[in-house]
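Student: The structure is given below, and queries will be raised subsequently.
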Amino acid sequence: MSTKNDIFKLYLRLLRKHGPPQKYWPQWCATKKSLKTREMIAIGAILTQRTSWHNVDLALKNLKRVNLLSLGKISKLKDLDYLSNLIKPAGFPKIKAKRLFTFCAFVTEKHRGLENFMKEDLETSRRELLSLNGIGPETADTILLYALEKPSFVIDEYTRRLLVKKGLSTNLKYRHLKDFFEKSLPPAMGLYRDFHALIIIEGKGEKSSFMKKTRG
DNA sequence: ACCCAGGTGGCCC
DNA sequence: GGGCCACATGGG
């Protein structure tokens with residue numbers, strides 16, 4: 001039977017092993033407080049669904065090249081095929097273009113921009129994000145934590161793998177795990193970001209050593 | 001020529 | 001409520 005304390009101990013172990021993470025989400029983006037960065041993170045959160053960072057990066061570079069790394073600009077697009085072609089490297093281009101547009105239109109039209117949206121409380125924002133087509137719990141929490149700066153813990157495949165490996169949970173449902181982490185920790189954005197980053201660093205490390213071991 | 005990557009929604013039972 | 005499937009591209 002795992003306890004709340006096990007989660008905090010896990011955090012301390014990861015912190016001791018890897019040191020404080022220098023960069024948050026995503027890897028190629030340090031925590032800058034600019035609106036542009038937050039918008040890029042939100043766009044990346046949608047593009048990265050079931051997709052490698054490298055491919056998301058290619059798509060973001062395409063958007064930047066045509067000066068479209070902006071929620072307001074994307075929300076004004078008439079031609080989703082154009083958007084779809086730009087984000088093609090990130091995979092599922094048709095569906096992701098639609099999802100991205102839906103999100104951008106919501107932020108721009110309903111909230112008059114990301115800065116206003118940030119003023120809304122966490123629970124209301126989360127409900128609104130989840131009501132959008134194409135935004136599920138992980139994408140919603142990623143946007144909340146990294147773009148809107150709210151203490152909303154993100155659960156992903158790395159988190160599940162680590163919990164299974166450590167024997168800390170057998171219930172792998174999103175809501176259950178999110179509650180488990182949030183009840184074990186104080187609601188602090190910085191802590192949630194660091195912890196999530198450490199879980200990924202740990203997960204990627206495990207993977208490369210696994211690949212090394214099984215090769216040849 | 002496989003296999004995988006930080007999900008989500010639609011459909012079916 | 002759960003199980004299965006489509007959605008697509010770049011890299012190992």
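Order determines the names: the first chain of the structure tokens is A, the second B, and so forth; residues in each chain are numbered 1 upward, and ligands are numbered 1 upward as they are shown.
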Please build the interface table for chain B against chain A with a cut-off of 7 Å, listing for each qualifying residue the nearest atom pair and the distance in Å to one decimal; count only C-alpha atoms (C1' of nucleotides), order rows by chain and increasing number, and write it as a tab-separated table.
Tutor:
```
residue	atom	partner	partner_atom	distance
B:DA5	C1'	A:Ser52	CA	4.5
B:DG6	C1'	A:Asp156	CA	5.7
B:DG7	C1'	A:Gln49	CA	4.8
B:DT8	C1'	A:Gly134	CA	5.8
```
Student: Using only C-alpha atoms (C1' of nucleotides), please write the residues we just selected to a file, as a PDB file, in the first residue's frame.
Tutor:
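To be explicit, this is the file written out as selection-v1.pdb:
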```pdb
ATOM      1  C1'  DA B   5       6.581   8.681 -30.066  1.00  0.00           C
ATOM      2  C1'  DG B   6       4.644  12.892 -23.376  1.00  0.00           C
ATOM      3  C1'  DG B   7      -3.435  11.588 -26.782  1.00  0.00           C
ATOM      4  C1'  DT B   8      -8.115  12.057 -28.193  1.00  0.00           C
TER       5       DT B   8
END
```
Student: Tell me, which residues of segment 3-172 of chain A carry DSSP helix (DSSP H, G or I), written as a PyMOL selection string?
Tutor: chain A and resi 4-18+35-47+53-65+71-75+80-86+88-90+93-111+114-117+122-131+137-147+157-166
Student: Write out, as JSON lines, each residue of chain A that has an atom at most 6 Å from chain C, together with the closest pair of atoms and their distance in Å to one decimal, counting only C-alpha atoms (C1' of nucleotides), rows going by chain and rising number.
Tutor:
```
{"residue": "A:Pro89", "atom": "CA", "partner": "C:DT9", "partner_atom": "C1'", "distance": 5.3}
{"residue": "A:Gly91", "atom": "CA", "partner": "C:DT9", "partner_atom": "C1'", "distance": 4.5}
{"residue": "A:Phe92", "atom": "CA", "partner": "C:DA8", "partner_atom": "C1'", "distance": 4.7}
```
Student: Got a sec: who's within 10 Å of Glu39 of chain A, counting only C-alpha atoms (C1' of nucleotides), leaving out chain neighbours fewer than 5 positions off, as a VMD selection string?
Tutor: chain A and resid 34 44 to 45 69 to 72 104 113 to 115 143 146 to 148
Student: Taking 4 positions as the minimum chain separation for residues in the same chain, which residues sit within 10 Å of Gly190 of chain A when counting only C-alpha atoms (C1' of nucleotides)? Answer as a list in words.
Tutor: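 Surrounding residues, per the criterion: Tyr24, Leu145, Tyr146, Glu149, Lys150, Pro151, Asp194, Phe195 and His196 of chain A.
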Student: At what distance in Å, to one decimal, does atom CA of Lys119 of chain A lie from atom CA of Asn67 of chain A?
Tutor: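 Value for the atom CA of Asn67 of chain A-atom CA of Lys119 of chain A distance: 26.4 Å.
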Student: Record the distance separating atom CA of Lys36 of chain A and atom CA of Ile74 of chain A, expressed in Å with one decimal.
Tutor: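 Atom CA of Ile74 of chain A lies 13.3 Å from atom CA of Lys36 of chain A.
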Student: Quick one: pull the distance between atom CA of Glu123 of chain A and atom CA of Thr170 of chain A, Å, one decimal.
Tutor: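 These two atoms are separated by 26.7 Å.
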Student: Need to verify the contact set: Lys9 of chain A, 12 Å, only C-alpha atoms (C1' of nucleotides), exclusion of same-chain residues closer than 5 positions in sequence. Can you return it as a list in words?
Tutor: Ser2, Thr3, Lys4, Leu14, Leu15, Arg16, Lys166, Leu168, Phe181, Ser184, Leu185 and Phe195 of chain A
